[in-house]
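Visitor: Sharing upload_31.pdb (PDB, C-alpha atoms and all ligand atoms) below.
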```pdb
MODEL        1
ATOM      1  CA  MET T   1    -116.819   1.156   4.144
ATOM      2  CA  THR T   2    -116.040  -1.793   1.845
ATOM      3  CA  ASP T   3    -113.299  -1.296  -0.758
ATOM      4  CA  GLN T   4    -115.881  -1.303  -3.527
ATOM      5  CA  ALA T   5    -118.169   1.210  -1.818
ATOM      6  CA  HIS T   6    -115.168   3.381  -1.144
ATOM      7  CA  SER T   7    -113.944   3.395  -4.717
ATOM      8  CA  LEU T   8    -117.461   4.218  -5.996
ATOM      9  CA  ARG T   9    -117.710   7.112  -3.588
ATOM     10  CA  ARG T  10    -114.275   8.348  -4.536
ATOM     11  CA  LYS T  11    -115.149   8.207  -8.226
ATOM     12  CA  ALA T  12    -118.370  10.133  -7.618
ATOM     13  CA  TRP T  13    -116.395  12.804  -5.752
ATOM     14  CA  GLU T  14    -113.841  13.082  -8.540
ATOM     15  CA  GLN T  15    -116.521  13.479 -11.195
ATOM     16  CA  ASN T  16    -119.183  15.449  -9.410
ATOM     17  CA  ARG T  17    -117.954  17.287  -6.361
ATOM     18  CA  LYS T  18    -120.443  19.620  -4.764
ATOM     19  CA  ALA T  19    -118.198  21.862  -2.711
ATOM     20  CA  THR T  20    -115.857  24.445  -4.216
ATOM     21  CA  TYR T  21    -112.324  23.794  -2.983
ATOM     22  CA  ILE T  22    -110.121  26.840  -2.402
ATOM     23  CA  SER T  23    -106.412  26.481  -1.664
ATOM     24  CA  VAL T  24    -104.448  29.385  -0.165
ATOM     25  CA  SER T  25    -100.686  29.398  -0.719
ATOM     26  CA  SER T  26     -97.881  31.926  -1.032
ATOM     27  CA  GLY T  27     -94.438  30.448  -1.330
ATOM     28  CA  LYS T  28     -93.067  32.833   1.298
ATOM     29  CA  GLY T  29     -94.120  32.369   4.920
ATOM     30  CA  GLY T  30     -95.833  34.852   7.180
ATOM     31  CA  VAL T  31     -97.558  36.862   4.463
ATOM     32  CA  GLY T  32    -101.116  36.407   5.761
ATOM     33  CA  LYS T  33    -102.491  33.089   4.437
ATOM     34  CA  THR T  34    -104.040  31.828   7.655
ATOM     35  CA  ASN T  35    -105.730  35.131   8.469
ATOM     36  CA  PHE T  36    -107.042  35.261   4.916
ATOM     37  CA  ALA T  37    -108.394  31.691   5.090
ATOM     38  CA  VAL T  38    -110.049  32.139   8.477
ATOM     39  CA  ASN T  39    -111.623  35.528   7.755
ATOM     40  CA  LEU T  40    -112.703  34.532   4.254
ATOM     41  CA  ALA T  41    -114.417  31.500   5.775
ATOM     42  CA  CYS T  42    -116.239  33.660   8.365
ATOM     43  CA  LEU T  43    -117.376  36.115   5.707
ATOM     44  CA  LEU T  44    -118.552  33.366   3.367
ATOM     45  CA  SER T  45    -120.508  31.952   6.270
ATOM     46  CA  GLN T  46    -122.030  35.395   6.915
ATOM     47  CA  LEU T  47    -123.061  35.385   3.248
ATOM     48  CA  GLY T  48    -125.030  32.237   3.969
ATOM     49  CA  LYS T  49    -122.555  29.585   2.843
ATOM     50  CA  LYS T  50    -121.512  26.380   4.633
ATOM     51  CA  VAL T  51    -117.758  26.471   5.012
ATOM     52  CA  LEU T  52    -115.050  24.124   6.262
ATOM     53  CA  VAL T  53    -111.494  25.295   6.871
ATOM     54  CA  PHE T  54    -108.927  22.531   6.711
ATOM     55  CA  ASP T  55    -105.607  23.448   8.324
ATOM     56  CA  ALA T  56    -103.327  22.013   5.657
ATOM     57  CA  ASP T  57    -100.218  23.263   7.443
ATOM     58  CA  LEU T  58    -100.346  19.798   8.952
ATOM     59  CA  GLY T  59     -97.407  19.859  11.337
ATOM     60  CA  LEU T  60     -97.557  23.556  12.312
ATOM     61  CA  ALA T  61    -101.159  24.177  13.298
ATOM     62  CA  ASN T  62    -102.319  27.818  13.312
ATOM     63  CA  VAL T  63    -106.015  27.981  12.418
ATOM     64  CA  ASP T  64    -107.030  26.762  15.894
ATOM     65  CA  ILE T  65    -104.845  29.433  17.499
ATOM     66  CA  LEU T  66    -106.331  32.282  15.460
ATOM     67  CA  MET T  67    -109.830  31.076  16.353
ATOM     68  CA  ASN T  68    -109.002  30.155  19.930
ATOM     69  CA  ILE T  69    -110.234  26.597  19.576
ATOM     70  CA  SER T  70    -109.059  23.962  22.025
ATOM     71  CA  VAL T  71    -107.993  20.881  20.141
ATOM     72  CA  SER T  72    -108.157  17.483  21.776
ATOM     73  CA  ALA T  73    -108.273  15.397  18.606
ATOM     74  CA  SER T  74    -106.366  16.694  15.616
ATOM     75  CA  ILE T  75    -105.372  15.420  12.232
ATOM     76  CA  ARG T  76    -102.476  13.334  13.593
ATOM     77  CA  LYS T  77    -104.814  11.220  15.716
ATOM     78  CA  TYR T  78    -107.065  10.745  12.704
ATOM     79  CA  MET T  79    -104.096   9.661  10.594
ATOM     80  CA  THR T  80    -103.002   7.118  13.186
ATOM     81  CA  GLY T  81    -106.563   5.786  13.474
ATOM     82  CA  GLU T  82    -106.952   6.816  17.132
ATOM     83  CA  VAL T  83    -110.050   8.904  16.389
ATOM     84  CA  GLY T  84    -112.668   9.024  13.646
ATOM     85  CA  LEU T  85    -113.613  11.866  11.322
ATOM     86  CA  ASN T  86    -116.477  13.164  13.482
ATOM     87  CA  GLU T  87    -114.096  13.760  16.349
ATOM     88  CA  ILE T  88    -111.774  16.050  14.415
ATOM     89  CA  VAL T  89    -114.355  18.367  12.867
ATOM     90  CA  LYS T  90    -114.756  21.338  15.227
ATOM     91  CA  LYS T  91    -118.240  22.609  14.523
ATOM     92  CA  ASP T  92    -119.507  26.154  14.278
ATOM     93  CA  ASN T  93    -116.708  28.499  15.208
ATOM     94  CA  TYR T  94    -118.249  31.845  14.250
ATOM     95  CA  GLY T  95    -120.342  29.858  11.800
ATOM     96  CA  VAL T  96    -117.411  27.901  10.374
ATOM     97  CA  ASP T  97    -116.372  24.260  10.761
ATOM     98  CA  ILE T  98    -112.675  23.580  11.232
ATOM     99  CA  ILE T  99    -110.414  20.576  10.887
ATOM    100  CA  PRO T 100    -107.351  21.539  12.915
ATOM    101  CA  ALA T 101    -103.817  20.391  12.221
ATOM    102  CA  SER T 102    -101.282  19.220  14.802
ATOM    103  CA  SER T 103     -98.357  21.159  16.138
ATOM    104  CA  GLY T 104     -94.790  19.910  16.173
ATOM    105  CA  PHE T 105     -95.111  16.614  14.322
ATOM    106  CA  VAL T 106     -92.478  16.540  11.655
ATOM    107  CA  GLU T 107     -93.835  13.331  10.089
ATOM    108  CA  LEU T 108     -96.955  15.264   9.037
ATOM    109  CA  SER T 109     -94.923  17.651   6.931
ATOM    110  CA  ASN T 110     -93.808  14.795   4.732
ATOM    111  CA  LEU T 111     -96.767  12.575   3.918
ATOM    112  CA  SER T 112     -96.550   9.444   1.808
ATOM    113  CA  ASP T 113     -98.923   8.991  -1.141
ATOM    114  CA  GLU T 114    -101.088   6.624   0.934
ATOM    115  CA  GLU T 115    -101.295   9.100   3.787
ATOM    116  CA  HIS T 116    -102.280  11.866   1.406
ATOM    117  CA  GLU T 117    -104.993   9.617  -0.049
ATOM    118  CA  LYS T 118    -106.320   9.078   3.467
ATOM    119  CA  LEU T 119    -106.582  12.844   3.856
ATOM    120  CA  VAL T 120    -108.376  13.216   0.543
ATOM    121  CA  ASP T 121    -110.913  10.658   1.782
ATOM    122  CA  ILE T 122    -111.959  13.233   4.371
ATOM    123  CA  PHE T 123    -113.246  15.431   1.557
ATOM    124  CA  VAL T 124    -114.851  12.520  -0.246
ATOM    125  CA  LEU T 125    -116.874  11.928   2.922
ATOM    126  CA  LEU T 126    -117.632  15.548   3.823
ATOM    127  CA  ASP T 127    -118.096  17.064   0.358
ATOM    128  CA  GLY T 128    -121.915  17.160   0.332
ATOM    129  CA  GLN T 129    -122.087  19.116   3.596
ATOM    130  CA  TYR T 130    -120.257  22.236   2.413
ATOM    131  CA  ASP T 131    -120.388  24.976  -0.212
ATOM    132  CA  TYR T 132    -116.703  25.840   0.279
ATOM    133  CA  ILE T 133    -113.762  23.865   1.646
ATOM    134  CA  ILE T 134    -110.720  26.073   2.229
ATOM    135  CA  PHE T 135    -107.190  24.673   2.527
ATOM    136  CA  ASP T 136    -104.858  26.900   4.504
ATOM    137  CA  THR T 137    -101.538  25.516   3.261
ATOM    138  CA  GLY T 138     -98.131  26.015   4.818
ATOM    139  CA  ALA T 139     -95.319  28.187   3.529
ATOM    140  CA  GLY T 140     -92.934  26.897   0.898
ATOM    141  CA  ILE T 141     -93.395  24.643  -2.105
ATOM    142  CA  SER T 142     -93.282  21.241  -0.427
ATOM    143  CA  GLU T 143     -95.147  18.246  -1.780
ATOM    144  CA  ASN T 144     -97.814  18.742   0.914
ATOM    145  CA  VAL T 145     -98.570  22.263  -0.255
ATOM    146  CA  ILE T 146     -98.598  21.339  -3.919
ATOM    147  CA  ARG T 147    -100.876  18.336  -3.420
ATOM    148  CA  PHE T 148    -103.592  20.404  -1.764
ATOM    149  CA  THR T 149    -103.322  22.890  -4.589
ATOM    150  CA  SER T 150    -103.769  20.087  -7.091
ATOM    151  CA  ILE T 151    -107.242  19.221  -5.764
ATOM    152  CA  ALA T 152    -108.472  22.831  -5.492
ATOM    153  CA  ASP T 153    -110.974  24.460  -7.848
ATOM    154  CA  LEU T 154    -109.655  27.918  -7.001
ATOM    155  CA  VAL T 155    -105.918  28.126  -6.456
ATOM    156  CA  VAL T 156    -105.174  31.341  -4.592
ATOM    157  CA  VAL T 157    -101.666  32.731  -4.458
ATOM    158  CA  LEU T 158    -101.441  35.403  -1.792
ATOM    159  CA  THR T 159     -98.437  37.660  -1.588
ATOM    160  CA  VAL T 160     -97.292  41.035  -0.257
ATOM    161  CA  PRO T 161     -95.684  43.898  -2.193
ATOM    162  CA  GLU T 162     -92.074  42.908  -1.442
ATOM    163  CA  PRO T 163     -89.608  41.497  -3.979
ATOM    164  CA  THR T 164     -88.836  38.370  -1.933
ATOM    165  CA  ALA T 165     -92.512  37.517  -1.514
ATOM    166  CA  ILE T 166     -93.244  38.185  -5.190
ATOM    167  CA  THR T 167     -90.338  35.935  -6.218
ATOM    168  CA  ASP T 168     -91.592  33.140  -3.958
ATOM    169  CA  ALA T 169     -95.146  33.515  -5.267
ATOM    170  CA  TYR T 170     -93.764  33.137  -8.778
ATOM    171  CA  ALA T 171     -91.795  30.034  -7.726
ATOM    172  CA  PHE T 172     -94.985  28.563  -6.284
ATOM    173  CA  MET T 173     -96.868  29.168  -9.541
ATOM    174  CA  LYS T 174     -94.065  27.607 -11.523
ATOM    175  CA  VAL T 175     -94.062  24.429  -9.438
ATOM    176  CA  VAL T 176     -97.837  23.937  -9.443
ATOM    177  CA  HIS T 177     -97.976  24.559 -13.154
ATOM    178  CA  PHE T 178     -95.164  22.218 -14.143
ATOM    179  CA  GLN T 179     -95.996  19.516 -11.607
ATOM    180  CA  TYR T 180     -99.793  19.489 -11.870
ATOM    181  CA  GLY T 181    -100.566  21.449 -15.017
ATOM    182  CA  ILE T 182    -102.473  24.158 -13.154
ATOM    183  CA  GLU T 183    -103.256  26.957 -15.597
ATOM    184  CA  ASN T 184    -105.474  29.368 -13.683
ATOM    185  CA  ILE T 185    -104.413  31.016 -10.473
ATOM    186  CA  GLN T 186    -106.164  33.702  -8.406
ATOM    187  CA  PHE T 187    -103.976  36.545  -7.207
ATOM    188  CA  VAL T 188    -104.392  38.345  -3.870
ATOM    189  CA  LEU T 189    -102.108  41.149  -2.748
ATOM    190  CA  ASN T 190    -102.005  41.573   1.034
ATOM    191  CA  ARG T 191    -100.640  44.315   3.320
ATOM    192  CA  VAL T 192    -101.216  47.020   0.749
ATOM    193  CA  ASP T 193    -100.300  50.591   1.736
ATOM    194  CA  ASP T 194    -100.560  52.080  -1.725
ATOM    195  CA  VAL T 195    -103.766  51.010  -3.439
ATOM    196  CA  GLN T 196    -102.797  52.892  -6.622
ATOM    197  CA  GLY T 197     -99.753  50.625  -6.996
ATOM    198  CA  VAL T 198    -101.709  47.361  -6.880
ATOM    199  CA  LYS T 199    -102.631  47.342 -10.547
ATOM    200  CA  GLY T 200     -99.009  47.702 -11.671
ATOM    201  CA  ILE T 201     -97.835  44.827  -9.464
ATOM    202  CA  PHE T 202    -100.624  42.588 -10.680
ATOM    203  CA  GLU T 203    -100.095  43.455 -14.347
ATOM    204  CA  SER T 204     -96.385  42.664 -14.212
ATOM    205  CA  MET T 205     -97.003  39.353 -12.450
ATOM    206  CA  LYS T 206     -99.747  38.480 -14.892
ATOM    207  CA  ASN T 207     -97.489  39.200 -17.867
ATOM    208  CA  VAL T 208     -94.595  37.178 -16.496
ATOM    209  CA  ALA T 209     -96.888  34.263 -15.595
ATOM    210  CA  ARG T 210     -98.401  34.271 -19.074
ATOM    211  CA  LYS T 211     -95.116  34.592 -20.931
ATOM    212  CA  PHE T 212     -92.929  32.159 -19.007
ATOM    213  CA  LEU T 213     -95.359  29.749 -17.371
ATOM    214  CA  ASN T 214     -98.428  29.758 -19.564
ATOM    215  CA  VAL T 215    -100.402  30.453 -16.414
ATOM    216  CA  GLU T 216    -103.398  32.791 -16.484
ATOM    217  CA  LEU T 217    -103.364  34.940 -13.380
ATOM    218  CA  THR T 218    -106.703  36.449 -12.344
ATOM    219  CA  PHE T 219    -107.010  39.346  -9.952
ATOM    220  CA  LEU T 220    -109.088  38.275  -6.955
ATOM    221  CA  GLY T 221    -108.469  41.325  -4.785
ATOM    222  CA  TYR T 222    -106.214  43.255  -2.462
ATOM    223  CA  LEU T 223    -106.185  43.627   1.320
ATOM    224  CA  ARG T 224    -104.980  46.785   2.953
ATOM    225  CA  GLU T 225    -102.423  46.930   5.736
ATOM    226  CA  ASP T 226    -104.531  47.095   8.873
ATOM    227  CA  LYS T 227    -103.584  47.314  12.538
ATOM    228  CA  ALA T 228    -106.918  45.742  13.418
ATOM    229  CA  LEU T 229    -105.587  42.477  12.079
ATOM    230  CA  ILE T 230    -102.610  42.479  14.414
ATOM    231  CA  LYS T 231    -104.991  43.176  17.303
ATOM    232  CA  SER T 232    -107.231  40.317  16.223
ATOM    233  CA  VAL T 233    -104.326  37.863  16.113
ATOM    234  CA  LYS T 234    -103.284  38.884  19.632
ATOM    235  CA  SER T 235    -106.789  38.448  20.976
ATOM    236  CA  GLN T 236    -107.304  35.202  18.995
ATOM    237  CA  LYS T 237    -110.568  36.431  17.535
ATOM    238  CA  PRO T 238    -111.012  36.738  13.756
ATOM    239  CA  ALA T 239    -110.950  40.335  12.496
ATOM    240  CA  CYS T 240    -114.311  39.853  10.758
ATOM    241  CA  ILE T 241    -115.868  39.323  14.193
ATOM    242  CA  LEU T 242    -113.714  41.664  16.285
ATOM    243  CA  SER T 243    -113.655  44.636  13.913
ATOM    244  CA  PRO T 244    -115.970  44.058  10.949
ATOM    245  CA  ASN T 245    -115.786  47.640   9.659
ATOM    246  CA  THR T 246    -112.035  47.912   9.257
ATOM    247  CA  PRO T 247    -110.287  48.186   5.853
ATOM    248  CA  TYR T 248    -109.006  44.581   5.859
ATOM    249  CA  VAL T 249    -112.446  43.103   6.453
ATOM    250  CA  LYS T 250    -114.106  45.441   3.937
ATOM    251  CA  ASP T 251    -111.568  44.419   1.292
ATOM    252  CA  LEU T 252    -111.999  40.759   2.109
ATOM    253  CA  LEU T 253    -115.768  41.045   1.940
ATOM    254  CA  LYS T 254    -115.400  42.191  -1.687
ATOM    255  CA  ILE T 255    -113.379  39.054  -2.359
ATOM    256  CA  ALA T 256    -115.898  36.821  -0.557
ATOM    257  CA  ARG T 257    -118.744  38.359  -2.520
ATOM    258  CA  SER T 258    -116.989  37.962  -5.815
ATOM    259  CA  ILE T 259    -116.258  34.305  -5.044
ATOM    260  CA  THR T 260    -119.930  33.643  -4.351
ATOM    261  CA  GLY T 261    -121.097  35.826  -7.201
ATOM    262  CA  GLN T 262    -123.093  38.061  -4.848
ATOM    263  CA  PRO T 263    -121.565  41.536  -5.355
ATOM    264  CA  ASN T 264    -124.649  43.332  -4.114
ATOM    265  CA  GLY T 265    -125.957  40.677  -1.795
ATOM    266  CA  ALA T 266    -128.167  39.160  -4.461
ATOM    267  CA  ASP T 267    -128.399  35.396  -4.293
ATOM    268  CA  ASP T 268    -126.718  34.286  -7.443
ATOM    269  CA  SER T 269    -124.473  31.451  -6.411
ATOM    270  CA  LYS T 270    -123.326  30.365  -9.857
ATOM    271  CA  LYS T 271    -119.729  29.160  -9.712
ATOM    272  CA  GLY T 272    -117.318  31.107 -11.839
ATOM    273  CA  ASN T 273    -119.355  34.305 -11.807
ATOM    274  CA  PHE T 274    -116.586  36.081 -10.008
ATOM    275  CA  TYR T 275    -114.395  36.063 -13.112
ATOM    276  CA  SER T 276    -116.517  38.752 -14.657
ATOM    277  CA  LEU T 277    -117.129  40.598 -11.404
ATOM    278  CA  ILE T 278    -113.513  41.269 -10.596
ATOM    279  CA  LYS T 279    -113.202  43.377 -13.715
ATOM    280  CA  GLY T 280    -114.612  46.261 -11.662
ATOM    281  CA  VAL T 281    -112.135  45.959  -8.825
ATOM    282  CA  PHE T 282    -109.750  48.625 -10.101
ATOM    283  CA  LYS T 283    -112.447  51.150 -10.906
TER
HETATM  284  N1  LIG D 301    -103.308  43.026   5.986
HETATM  285  C1  LIG D 301    -102.558  42.939   7.090
HETATM  286  N2  LIG D 301    -102.348  44.039   7.870
HETATM  287  C2  LIG D 301    -101.578  43.962   8.970
HETATM  288  N3  LIG D 301    -100.965  42.852   9.402
HETATM  289  C3  LIG D 301    -101.112  41.742   8.675
HETATM  290  C4  LIG D 301    -101.904  41.719   7.483
HETATM  291  N4  LIG D 301    -101.862  40.463   6.980
HETATM  292  C5  LIG D 301    -101.087  39.742   7.817
HETATM  293  N5  LIG D 301    -100.615  40.497   8.842
HETATM  294  C6  LIG D 301     -99.710  40.087   9.936
HETATM  295  O1  LIG D 301     -98.957  38.988   9.483
HETATM  296  C7  LIG D 301     -98.952  37.972  10.463
HETATM  297  C8  LIG D 301     -98.830  36.627   9.802
HETATM  298  O2  LIG D 301    -100.077  36.286   9.229
HETATM  299  P1  LIG D 301    -100.483  34.762   8.960
HETATM  300  O3  LIG D 301    -100.225  33.910  10.147
HETATM  301  O4  LIG D 301    -101.877  34.795   8.438
HETATM  302  O5  LIG D 301     -99.449  34.412   7.815
HETATM  303  P2  LIG D 301     -99.200  32.994   7.102
HETATM  304  O6  LIG D 301     -98.888  33.296   5.674
HETATM  305  O7  LIG D 301    -100.318  32.085   7.373
HETATM  306  O8  LIG D 301     -97.896  32.491   7.848
HETATM  307  P3  LIG D 301     -97.239  31.016   7.699
HETATM  308  O9  LIG D 301     -96.543  30.993   6.383
HETATM  309  O10 LIG D 301     -96.299  30.945   8.853
HETATM  310  O11 LIG D 301     -98.339  30.014   7.772
HETATM  311  C9  LIG D 301    -100.238  38.189  11.247
HETATM  312  O12 LIG D 301    -100.117  37.709  12.552
HETATM  313  C10 LIG D 301    -100.427  39.678  11.223
HETATM  314  O13 LIG D 301     -99.718  40.230  12.308
HETATM  315 MG    MG D 302    -100.331  30.126   8.194
ENDMDL
END
```
Give the structure from this file in structure tokens form.
Guide:
Amino acid sequence: MTDQAHSLRRKAWEQNRKATYISVSSGKGGVGKTNFAVNLACLLSQLGKKVLVFDADLGLANVDILMNISVSASIRKYMTGEVGLNEIVKKDNYGVDIIPASSGFVELSNLSDEEHEKLVDIFVLLDGQYDYIIFDTGAGISENVIRFTSIADLVVVLTVPEPTAITDAYAFMKVVHFQYGIENIQFVLNRVDDVQGVKGIFESMKNVARKFLNVELTFLGYLREDKALIKSVKSQKPACILSPNTPYVKDLLKIARSITGQPNGADDSKKGNFYSLIKGVFK
């Protein structure tokens, strides 16, 4: 592409993107981001949407492992120019396209501005092909994590009901707000044993976020603790395929439906509809 064609395309993407970009972050590691991203993608695809999962944990690839995809060309080879974009998109894994990350390349955890721009170009080129592009970010609040958040339409913070995880989720919100001015964040509570307690946890986080950060936290949903998920990780098959009727998948389906605005399977794909739908979640 010539420089001029590229900058026109980039501008068009910035002003009129078709896909909805969803980032999944947590602050604390190991709380369930990758499983959430992968299973959400599968469920959105089952709801008739075209979905791409981008493994934004660039140097510690996990999406390919959870989906049992063999990766010959990953993001590192794309970054070094060894392969083109078509070679890194793994098509149709349980209905979902994947761009896998690389494992064990420390340079990918610390991208320069130019390198990040090269990554963003991937979305400029692929935007029209997808309804949803999901970024599974790494743990922590590194520049890599924050940058993906900054280009998302829906910034999801996923946490578990433990003080350390809640503190890290708060730290994440603080950084994305003060660094990129993000004002709306979607809250997901994972590994829930006590459903009655979810509302209290959300309300206190929402109040703190509003008071100290000026961030509006919206409740996207909760996901129950579920042994089926551990089984699915071991067998490298997404829970939504391996055990679609288990509590985790049922909870996630509610989230997927509210994102698409199809609570009862009706085809109403208006963006933003889910804001009103989640009001019923605690009923
Ligand atoms: N709802 C759940 N019920 C039971 N186990 C869960 C649940 N959610 C996550 N887990 C467990 O937590 C593990 C870590 O999940 P996952 O890899 O998705 O976390 P992560 O946040 O992506 O981690 P990282 O920060 O390292 O990228 C899973 O392998 C699974 O065993
Ligand atoms: Mg992960």
Visitor: Evaluate the PyMOL selection byres (((not hetatm)) within 8 of (chain D and resi 302)) on the structure here and hand back the selected residues as a list of chain:residue names.
Guide: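 On this input, the PyMOL selection byres (((not hetatm)) within 8 of (chain D and resi 302)) captures T:Gly29, T:Gly30, T:Gly32, T:Lys33, T:Thr34, T:Asn35, T:Asp57, T:Ala61, T:Asn62, T:Val63, T:Asp136, T:Thr137, T:Gly138, T:Ala139.
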Visitor: From the list T:Lys237, T:Lys227, T:Lys174, T:Arg17, which residue is nearest Val208 (chain T) when using only C-alpha atoms?
Guide: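 The closest residue to Val208 (chain T) is T:Lys174.
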Visitor: For ligand LIG 301 (chain D), collect every residue having any atom at a distance of at most 10 Å from a ligand atom (counting only C-alpha atoms and all ligand atoms); output as a PyMOL selection string.
Guide: chain T and resi 24-39+55-57+60-63+65-66+136-140+158-160+189-193+222-234+236+247-249+251-252
Visitor: Can you work out which one of T:Asp127, T:Glu82, T:Glu87, T:Asp92 has the shortest atom-to-atom distance to Arg10 (chain T), counting all atoms listed in the file?
Guide: T:Asp127
Visitor: Using the chain letters and residue numbers of this document, give as a list in words the residues selected by the PyMOL selection byres (((chain T and resi 110) around 9) and not hetatm).
Guide: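 Applied to this file, the PyMOL selection byres (((chain T and resi 110) around 9) and not hetatm) selects Val106, Glu107, Leu108, Ser109, Leu111, Ser112, Ser142, Glu143 and Asn144 of chain T.
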Visitor: Enumerate, as a VMD selection string, the residues matched when the PyMOL selection byres (((chain T and resi 199) around 12) and not hetatm) is run on the file above.
Guide: chain T and resid 161 187 to 189 192 194 to 198 200 to 206 218 to 222 279 281 to 283
Visitor: CA of Asp168 (chain T) to CA of Phe123 (chain T): how many Å, to one decimal?
Guide: 28.5 Å
Visitor: Which one of T:Gly84, T:Thr20, T:Gln46, T:Asp3 sits closest to Ile241 (chain T) if you count only C-alpha atoms?
Guide: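 Distance minimum relative to Ile241 (chain T) lands on T:Gln46.
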Visitor: Hey, what's within 12 Å of Glu115 (chain T) if we count all atoms listed in the file and toss same-chain stuff fewer than 6 positions away? As number ranges by chain, please?
Guide: T: 58, 75-76, 78-81, 107-109, 121-122, 144, 147
Visitor: When you draw a straight line from CA of Gly181 (chain T) to CA of Leu213 (chain T), how long is it in Å?
Guide: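 Between these atoms lies a distance of 10.1 Å.
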Visitor: In Å to one decimal, how far is CA of Asn86 (chain T) from CA of Leu242 (chain T)?
Guide: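 Taking CA of Leu242 (chain T) and CA of Asn86 (chain T), their separation equals 28.8 Å.
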Visitor: Rank T:Phe54, T:Thr260, T:Gly95, T:Thr164 by their smallest atom-to-atom distance to Phe135 (chain T), using all atoms listed in the file, and report the top residue only.
Guide: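 That would be T:Phe54, the residue with the smallest distance to Phe135 (chain T).
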Visitor: Which residue out of T:Leu126, T:Val51, T:Met173, T:Trp13 has the minimum interatomic distance to Arg210 (chain T) when all atoms listed in the file are used?
Guide: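 Under the stated criterion, the closest residue is T:Met173.
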Visitor: Give as an MDAnalysis selection string the set of residues within 12 Å of the point (-101.2, 20.3, -13.3), where distances use the file's coordinates and all atoms listed in the file.
Guide: chainID T and resid 146:153 155 173:185 213:215
Visitor: For region 71-84 of chain T, which lacks atoms in the input, supply N, CA and C atoms and format the output as a CSV table (one decimal), keeping the file's coordinate frame.
Guide:
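Output file part01.csv is given in full below:
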```
chain,number,residue,atom,x,y,z
T,71,VAL,N,-108.0,22.1,21.0
T,71,VAL,CA,-108.0,20.9,20.1
T,71,VAL,C,-107.6,19.7,21.0
T,72,SER,N,-108.5,18.7,21.1
T,72,SER,CA,-108.2,17.5,21.8
T,72,SER,C,-107.8,16.4,20.8
T,73,ALA,N,-108.5,16.4,19.6
T,73,ALA,CA,-108.3,15.4,18.6
T,73,ALA,C,-108.0,16.1,17.3
T,74,SER,N,-106.7,16.0,16.8
T,74,SER,CA,-106.4,16.7,15.6
T,74,SER,C,-106.1,15.7,14.5
T,75,ILE,N,-105.6,16.2,13.4
T,75,ILE,CA,-105.4,15.4,12.2
T,75,ILE,C,-104.4,14.2,12.5
T,76,ARG,N,-103.4,14.4,13.4
T,76,ARG,CA,-102.5,13.3,13.6
T,76,ARG,C,-103.2,12.1,14.2
T,77,LYS,N,-104.1,12.4,15.1
T,77,LYS,CA,-104.8,11.2,15.7
T,77,LYS,C,-105.7,10.5,14.7
T,78,TYR,N,-106.2,11.3,13.8
T,78,TYR,CA,-107.1,10.7,12.7
T,78,TYR,C,-106.2,9.9,11.8
T,79,MET,N,-105.0,10.4,11.5
T,79,MET,CA,-104.1,9.7,10.6
T,79,MET,C,-103.6,8.3,11.2
T,80,THR,N,-103.5,8.4,12.5
T,80,THR,CA,-103.0,7.1,13.2
T,80,THR,C,-104.2,6.2,13.5
T,81,GLY,N,-105.4,6.6,13.2
T,81,GLY,CA,-106.6,5.8,13.5
T,81,GLY,C,-107.1,5.8,14.9
T,82,GLU,N,-106.5,6.7,15.7
T,82,GLU,CA,-107.0,6.8,17.1
T,82,GLU,C,-108.3,7.4,17.3
T,83,VAL,N,-108.7,8.3,16.3
T,83,VAL,CA,-110.0,8.9,16.4
T,83,VAL,C,-110.7,8.9,15.0
T,84,GLY,N,-112.0,9.0,14.9
T,84,GLY,CA,-112.7,9.0,13.6
T,84,GLY,C,-112.9,10.5,13.2
```
